[in-house]
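First the structure, in the form of structure tokens, and then the observations on it.
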Amino acid sequence: MVIQVDRVWRNARLATLAAGLPGLGVVDDGLIASQHGRIVYAGAASAAPELSSAETTDCGGRWITPGLIDCHTHLVFAGDRAAEFEQRLLGATYADIARAGGGILSTVAATRAASEEALLTATLSRLDALIAEGVTTIEVKSGYGLATAAELKQLRVARRLGQLRPVSVVTTFLGAHALPPEARGDSDAYIDLVCNDMLPAVVAEGLADAVDAFCETIAFTPEQTTKVFAAAHHYGLPVKLHVDQLSNCGGGTLASAYGALSADHLEYVDEAGVAAMAASGTVAVLLPGTFYFLREATMPPVALFRSHGIRLAIATDCNPGSSPLTSLLLTMNMGATLFRLTVDECVAGVTREAAHALGLGNDIGTLEAGKWCDLAIWSIERPADLVYRIGFNPLHTRVWRGQ
């Protein structure tokens with residue numbers, strides 16, 4: 001029986017990352033076929049069914065991985081924080097700057113002042129840099145509006161990104177990111193505003209795929225975070241959590257109690273939190289760009305994550321204050337050099353595990369039949385080249401939804 005398909009990629013080496021295969025699920029002399037934007041076959045050419053294709057590409061022995069996934073970004077913002085970078089070089093800490101009214105709040109002011117079109121233009125340049133390195137799916141958070149109209153503006157821009165570029169955009173409402181100046185220090189009242197005004201407005205416009213919060217000494221308490229999560233569950237939205245970045249707030253346990261898709265940062269998470277994450281299937285998202293940029297000293301407990309079988313994703317955390325990073329390839333190198341992740345962990349961390357961190361493991365992240373045909377085709381000798389080199393982009397071709 002001949003199977004009709006739209007496209008075939010042949011003469012390639014595949015890093016399928018498929019379940020049940022060791023390591024990266026490498027297949028030599030690999031072949032991928034797609035129909036209507038989804039993979040029909042991915043595996044050894046010798047085992048492929050008979051195919052009739054409208055278009056066939058000879059990959060010349062290049063490597064194919066799943067399209068890369070940046071599962072934690074704050075991509076939509078205005079302005080920059082280069083001045084604060086200078087302050088940190090002179091000894092100020094991230095927490096010092098935040099308490100003095102800088103940090104997130106300076107970006108909030110710039111983002112509120114920017115028009116939707118200005119925000120879109122600024123964001124597209126950052127998105128294009130990521131796309132140029134093989135990114136096919138990206139998560140984008142709000143959290144620089146901190147008022148209903150401004151949060152909606154950010155999320156509308158995020159949605160428009162997926163209309164203007166061939167990329168899948170997952171949006172996350174992060175109203176509980178910081179306390180705006182007009183709250184006058186009343187964080188409880190602000191959390192009520194997030195839950196009772198902002199979130200209903202976001203849901204009414206269908207602008208969020210998930211809800212996030214920043215649970216930390218300079219942000220919101222576990223009790224306040226619990227209110228946000230309860231409101232998210234009321235609207236049927238999954239949750240994720242910025243937590244345990246600067247101190248142990250019991251974030252792993254809190255995230256797990258609400259079945260969070262991911263807990264992110266996690267430099268100070270304890271073993272009880274890691275065990276809870278393992279029980280709930282919550283993915284650990286590590287953000288080495290932030291660790292590097294803030295010159296942190298406490299590493300996330302990677303050995304604990306491994307021993308408990310936690311899925312490990314890595315992401316750019318692209319944002320103006322603590323990770324002005326638009327390279328997922330450099331993020332992989334940082335994950336290896338700073339956190340001692342292996343090559344397999346780094347590649348899986350921006351494909352298969354990142355997909356699970358977004359709740360999309362059934363649709364993307366591996367090269368398997370039935371999943372979206374999102375591919376990155378690389379001119380490399382081995383997958384280690386993607387992690388080892390710095391300032392090197394070996395992307396040959398990027399495929400999104402079979403195109």
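Here's how to read the names in the structure tokens: chain A, B, ... by the order shown, residue numbers from 1 in each chain, ligand numbers from 1 in the order shown.
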Can you write out as JSON lines which residues of range 235-325 of chain A fall within 9 Å of range 92-100 of chain A, alongside each residue's closest atom pair and its distance in Å to one decimal, counting only C-alpha atoms and ordering rows by chain and ascending residue number?
{"residue": "A:Leu246", "atom": "CA", "partner": "A:Ala95", "partner_atom": "CA", "distance": 8.9}
{"residue": "A:Leu294", "atom": "CA", "partner": "A:Tyr94", "partner_atom": "CA", "distance": 7.2}
{"residue": "A:Gly321", "atom": "CA", "partner": "A:Tyr94", "partner_atom": "CA", "distance": 8.7}
{"residue": "A:Ser322", "atom": "CA", "partner": "A:Tyr94", "partner_atom": "CA", "distance": 8.2}
Original post:
Got a sec: who's within 7 Å of Thr171 in chain A, counting only C-alpha atoms, leaving out chain neighbours fewer than 5 positions off, as a list of chain:residue names?
Top reply: A:Glu139, A:Val140, A:Lys141, A:Leu155, A:Ala158, A:Leu207, A:Ala208, A:Asp209, A:Ala210
Original post:
Out of range 42-173 of chain A, which residues get strand (DSSP E or B) from DSSP, as JSON, numbers by chain?
Top reply: {"A": [42, 43, 44, 51, 52, 53, 54, 55, 56, 57, 58, 63, 64, 65, 66, 68, 69, 70, 135, 136, 137, 138, 139, 140, 141, 168, 169, 170, 171, 172, 173]}
Write the residues you've just listed into a file as a PDB file, in the first residue's frame, and include C-alpha atoms for each of them.
ATOM      1  CA  ALA A  42       9.978   9.254  11.453  1.00  0.00           C
ATOM      2  CA  GLY A  43      12.565   6.520  11.595  1.00  0.00           C
ATOM      3  CA  ALA A  44      14.937   4.411   9.566  1.00  0.00           C
ATOM      4  CA  LEU A  51       5.541   6.677   0.197  1.00  0.00           C
ATOM      5  CA  SER A  52       4.367   8.907  -2.622  1.00  0.00           C
ATOM      6  CA  SER A  53       5.417  12.475  -1.989  1.00  0.00           C
ATOM      7  CA  ALA A  54       4.826  15.764  -3.743  1.00  0.00           C
ATOM      8  CA  GLU A  55       8.204  17.010  -2.494  1.00  0.00           C
ATOM      9  CA  THR A  56      11.356  15.202  -1.347  1.00  0.00           C
ATOM     10  CA  THR A  57      14.382  16.846   0.273  1.00  0.00           C
ATOM     11  CA  ASP A  58      17.784  15.165   0.422  1.00  0.00           C
ATOM     12  CA  TRP A  63      21.026  16.048  11.608  1.00  0.00           C
ATOM     13  CA  ILE A  64      17.357  16.655  12.296  1.00  0.00           C
ATOM     14  CA  THR A  65      16.041  17.386  15.777  1.00  0.00           C
ATOM     15  CA  PRO A  66      12.565  18.449  16.808  1.00  0.00           C
ATOM     16  CA  LEU A  68      13.433  23.978  19.491  1.00  0.00           C
ATOM     17  CA  ILE A  69      11.047  25.129  22.224  1.00  0.00           C
ATOM     18  CA  ASP A  70      11.702  28.138  24.450  1.00  0.00           C
ATOM     19  CA  VAL A 135      12.796  27.792  17.594  1.00  0.00           C
ATOM     20  CA  THR A 136       9.339  26.636  16.462  1.00  0.00           C
ATOM     21  CA  THR A 137       7.410  27.065  19.741  1.00  0.00           C
ATOM     22  CA  ILE A 138       7.772  29.825  22.300  1.00  0.00           C
ATOM     23  CA  GLU A 139       6.049  30.667  25.572  1.00  0.00           C
ATOM     24  CA  VAL A 140       5.429  34.372  26.229  1.00  0.00           C
ATOM     25  CA  LYS A 141       4.404  35.778  29.616  1.00  0.00           C
ATOM     26  CA  SER A 168       3.587  28.494  17.788  1.00  0.00           C
ATOM     27  CA  VAL A 169       3.066  30.956  20.642  1.00  0.00           C
ATOM     28  CA  VAL A 170       1.886  29.837  24.080  1.00  0.00           C
ATOM     29  CA  THR A 171       0.716  32.706  26.280  1.00  0.00           C
ATOM     30  CA  THR A 172       0.906  32.899  30.069  1.00  0.00           C
ATOM     31  CA  PHE A 173      -0.796  35.463  32.329  1.00  0.00           C
TER      32      PHE A 173
END
Original post:
Any idea what's packed within 8 Å of Glu381 in chain A, counting only C-alpha atoms, ignoring anything in its chain fewer than 2 positions away? Could you give it as a PyMOL selection string?
Top reply: chain A and resi 62-63+379+383+385
Subject >> All residues 9 Å or closer to Ala369 in chain A, only C-alpha atoms, same chain fewer than 5 positions away omitted, as an MDAnalysis selection string >> reply: chainID A and resid 33:34 38:42
Could you save the residues just selected, with N, CA, C and O atoms, as a PDB file, in the first residue's frame?
ATOM      1  N   ALA A  33       8.457  11.811   7.041  1.00  0.00           N
ATOM      2  CA  ALA A  33       7.395  12.132   6.090  1.00  0.00           C
ATOM      3  C   ALA A  33       6.288  12.863   6.823  1.00  0.00           C
ATOM      4  O   ALA A  33       5.960  12.538   7.971  1.00  0.00           O
ATOM      5  N   SER A  34       5.704  13.871   6.146  1.00  0.00           N
ATOM      6  CA  SER A  34       4.628  14.633   6.767  1.00  0.00           C
ATOM      7  C   SER A  34       3.438  14.770   5.830  1.00  0.00           C
ATOM      8  O   SER A  34       3.580  14.748   4.608  1.00  0.00           O
ATOM      9  N   ARG A  38       1.569  17.312   9.945  1.00  0.00           N
ATOM     10  CA  ARG A  38       1.933  16.362  11.008  1.00  0.00           C
ATOM     11  C   ARG A  38       2.830  15.250  10.469  1.00  0.00           C
ATOM     12  O   ARG A  38       2.785  14.914   9.284  1.00  0.00           O
ATOM     13  N   ILE A  39       3.634  14.696  11.373  1.00  0.00           N
ATOM     14  CA  ILE A  39       4.545  13.619  10.997  1.00  0.00           C
ATOM     15  C   ILE A  39       3.754  12.338  10.765  1.00  0.00           C
ATOM     16  O   ILE A  39       2.935  11.939  11.600  1.00  0.00           O
ATOM     17  N   VAL A  40       3.991  11.727   9.630  1.00  0.00           N
ATOM     18  CA  VAL A  40       3.389  10.434   9.308  1.00  0.00           C
ATOM     19  C   VAL A  40       4.357   9.315   9.659  1.00  0.00           C
ATOM     20  O   VAL A  40       3.955   8.256  10.139  1.00  0.00           O
ATOM     21  N   TYR A  41       5.627   9.566   9.419  1.00  0.00           N
ATOM     22  CA  TYR A  41       6.655   8.563   9.721  1.00  0.00           C
ATOM     23  C   TYR A  41       7.947   9.281  10.078  1.00  0.00           C
ATOM     24  O   TYR A  41       8.320  10.274   9.450  1.00  0.00           O
ATOM     25  N   ALA A  42       8.644   8.780  11.092  1.00  0.00           N
ATOM     26  CA  ALA A  42       9.978   9.254  11.453  1.00  0.00           C
ATOM     27  C   ALA A  42      10.768   8.053  11.941  1.00  0.00           C
ATOM     28  O   ALA A  42      10.431   7.452  12.966  1.00  0.00           O
TER      29      ALA A  42
END
**OP:** Would you return as a ChimeraX atom specification the members of range 187-293 of chain A that DSSP assigns to alpha helix (DSSP H) on this structure's backbone?
**Re:** /A:187-193,199-204,222-234,251-257,271-280,288-293
**OP:** Check the smallest atom-to-atom distance from each of A:Gly25, A:Gly143, A:Gly37, A:Gly134 to Val350 in chain A using only C-alpha atoms, then report the winner.
**Re:** A:Gly134
Original post:
What is the CA of Asn362 in chain A to CA of Ala315 in chain A distance in Å?
Top reply: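 Computing it gives 19.6 Å between the two atoms.
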Original post:
Leaving out Ala213 in chain A and any residue of its chain fewer than 5 positions from it, which residues lie within 8 Å of it when counting only C-alpha atoms, given as a PyMOL selection string?
Top reply: chain A and resi 174-177+220+225+228+240-242
Residues as selected, all heavy atoms, written as a PDB file, in the first residue's frame, can you do that?
ATOM      1  N   LEU A 174       0.822  36.527  33.787  1.00  0.00           N
ATOM      2  CA  LEU A 174       1.689  36.671  34.956  1.00  0.00           C
ATOM      3  C   LEU A 174       1.405  37.997  35.650  1.00  0.00           C
ATOM      4  O   LEU A 174       2.289  38.811  35.880  1.00  0.00           O
ATOM      5  CB  LEU A 174       3.164  36.566  34.532  1.00  0.00           C
ATOM      6  CG  LEU A 174       4.252  36.681  35.608  1.00  0.00           C
ATOM      7  CD1 LEU A 174       4.076  35.656  36.716  1.00  0.00           C
ATOM      8  CD2 LEU A 174       5.640  36.569  34.991  1.00  0.00           C
ATOM      9  N   GLY A 175       0.134  38.232  35.956  1.00  0.00           N
ATOM     10  CA  GLY A 175      -0.206  39.450  36.679  1.00  0.00           C
ATOM     11  C   GLY A 175       0.459  39.523  38.037  1.00  0.00           C
ATOM     12  O   GLY A 175       0.799  40.607  38.526  1.00  0.00           O
ATOM     13  N   ALA A 176       0.668  38.377  38.680  1.00  0.00           N
ATOM     14  CA  ALA A 176       1.322  38.320  39.990  1.00  0.00           C
ATOM     15  C   ALA A 176       2.839  38.220  39.814  1.00  0.00           C
ATOM     16  O   ALA A 176       3.490  37.268  40.224  1.00  0.00           O
ATOM     17  CB  ALA A 176       0.798  37.133  40.789  1.00  0.00           C
ATOM     18  N   HIS A 177       3.385  39.258  39.185  1.00  0.00           N
ATOM     19  CA  HIS A 177       4.824  39.294  38.901  1.00  0.00           C
ATOM     20  C   HIS A 177       5.541  40.222  39.873  1.00  0.00           C
ATOM     21  O   HIS A 177       6.645  39.933  40.340  1.00  0.00           O
ATOM     22  CB  HIS A 177       5.034  39.768  37.456  1.00  0.00           C
ATOM     23  CG  HIS A 177       6.417  39.570  36.934  1.00  0.00           C
ATOM     24  ND1 HIS A 177       6.890  40.232  35.810  1.00  0.00           N
ATOM     25  CD2 HIS A 177       7.439  38.794  37.347  1.00  0.00           C
ATOM     26  CE1 HIS A 177       8.134  39.854  35.574  1.00  0.00           C
ATOM     27  NE2 HIS A 177       8.499  38.993  36.493  1.00  0.00           N
ATOM     28  N   PHE A 220       5.650  37.706  45.935  1.00  0.00           N
ATOM     29  CA  PHE A 220       4.419  37.339  46.627  1.00  0.00           C
ATOM     30  C   PHE A 220       4.617  36.087  47.476  1.00  0.00           C
ATOM     31  O   PHE A 220       5.456  35.234  47.184  1.00  0.00           O
ATOM     32  CB  PHE A 220       3.295  37.145  45.607  1.00  0.00           C
ATOM     33  CG  PHE A 220       3.001  38.400  44.839  1.00  0.00           C
ATOM     34  CD1 PHE A 220       3.492  38.581  43.551  1.00  0.00           C
ATOM     35  CD2 PHE A 220       2.288  39.430  45.431  1.00  0.00           C
ATOM     36  CE1 PHE A 220       3.259  39.762  42.866  1.00  0.00           C
ATOM     37  CE2 PHE A 220       2.040  40.616  44.752  1.00  0.00           C
ATOM     38  CZ  PHE A 220       2.532  40.782  43.462  1.00  0.00           C
ATOM     39  N   THR A 225       0.116  33.388  46.437  1.00  0.00           N
ATOM     40  CA  THR A 225       0.232  32.567  45.232  1.00  0.00           C
ATOM     41  C   THR A 225      -0.876  31.531  45.172  1.00  0.00           C
ATOM     42  O   THR A 225      -1.445  31.258  44.099  1.00  0.00           O
ATOM     43  CB  THR A 225       1.607  31.880  45.201  1.00  0.00           C
ATOM     44  OG1 THR A 225       2.637  32.877  45.235  1.00  0.00           O
ATOM     45  CG2 THR A 225       1.767  31.028  43.961  1.00  0.00           C
ATOM     46  N   VAL A 228      -3.960  32.947  43.674  1.00  0.00           N
ATOM     47  CA  VAL A 228      -3.871  33.064  42.209  1.00  0.00           C
ATOM     48  C   VAL A 228      -4.110  31.702  41.558  1.00  0.00           C
ATOM     49  O   VAL A 228      -4.847  31.588  40.566  1.00  0.00           O
ATOM     50  CB  VAL A 228      -2.500  33.634  41.799  1.00  0.00           C
ATOM     51  CG1 VAL A 228      -2.352  33.633  40.276  1.00  0.00           C
ATOM     52  CG2 VAL A 228      -2.319  35.043  42.353  1.00  0.00           C
ATOM     53  N   LYS A 240       1.816  27.516  36.440  1.00  0.00           N
ATOM     54  CA  LYS A 240       3.264  27.323  36.549  1.00  0.00           C
ATOM     55  C   LYS A 240       3.771  28.354  37.536  1.00  0.00           C
ATOM     56  O   LYS A 240       3.017  29.260  37.936  1.00  0.00           O
ATOM     57  CB  LYS A 240       3.928  27.449  35.184  1.00  0.00           C
ATOM     58  CG  LYS A 240       3.489  28.655  34.388  1.00  0.00           C
ATOM     59  CD  LYS A 240       4.129  28.675  33.004  1.00  0.00           C
ATOM     60  CE  LYS A 240       3.877  27.358  32.294  1.00  0.00           C
ATOM     61  NZ  LYS A 240       4.703  27.246  31.076  1.00  0.00           N
ATOM     62  N   LEU A 241       5.030  28.247  37.942  1.00  0.00           N
ATOM     63  CA  LEU A 241       5.466  29.065  39.069  1.00  0.00           C
ATOM     64  C   LEU A 241       6.936  29.456  38.965  1.00  0.00           C
ATOM     65  O   LEU A 241       7.800  28.612  38.767  1.00  0.00           O
ATOM     66  CB  LEU A 241       5.239  28.298  40.376  1.00  0.00           C
ATOM     67  CG  LEU A 241       5.469  29.044  41.688  1.00  0.00           C
ATOM     68  CD1 LEU A 241       4.535  30.237  41.817  1.00  0.00           C
ATOM     69  CD2 LEU A 241       5.267  28.101  42.884  1.00  0.00           C
ATOM     70  N   HIS A 242       7.198  30.788  39.076  1.00  0.00           N
ATOM     71  CA  HIS A 242       8.545  31.299  39.346  1.00  0.00           C
ATOM     72  C   HIS A 242       8.772  31.116  40.847  1.00  0.00           C
ATOM     73  O   HIS A 242       8.069  31.731  41.662  1.00  0.00           O
ATOM     74  CB  HIS A 242       8.624  32.803  39.082  1.00  0.00           C
ATOM     75  CG  HIS A 242       8.660  33.233  37.665  1.00  0.00           C
ATOM     76  ND1 HIS A 242       7.641  33.008  36.772  1.00  0.00           N
ATOM     77  CD2 HIS A 242       9.602  33.939  36.991  1.00  0.00           C
ATOM     78  CE1 HIS A 242       7.956  33.553  35.614  1.00  0.00           C
ATOM     79  NE2 HIS A 242       9.139  34.131  35.714  1.00  0.00           N
TER      80      HIS A 242
END
Subject >> For Ala232 in chain A: contacts at 9 Å, only C-alpha atoms, fewer than 3 positions along chain excluded, given as a PyMOL selection string >> reply: chain A and resi 195+199+210-211+227-229+235-239
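CA of Leu338 in chain A is found 9.5 Å from CA of Gly289 in chain A.
Among A:His36, A:Arg398, A:Trp378, A:Phe339, the residue with the shortest atom-to-atom distance to Asp6 in chain A, counting only C-alpha atoms, is A:His36.
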Original post:
Could you name the residues that touch Met332 in chain A at 7 Å or less, counting only C-alpha atoms, but leaving out those on the same chain fewer than 4 positions away, as number ranges by chain?
Top reply: A: 328, 336, 346, 387
Subject >> Nearest to Gly361 in chain A by atom-to-atom distance, counting only C-alpha atoms, from A:Lys153, A:Arg311, A:Tyr258, A:Cys318 >> reply: A:Arg311
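In this model, the gap between CA of Cys71 in chain A and CA of Leu105 in chain A comes to 23.4 Å.
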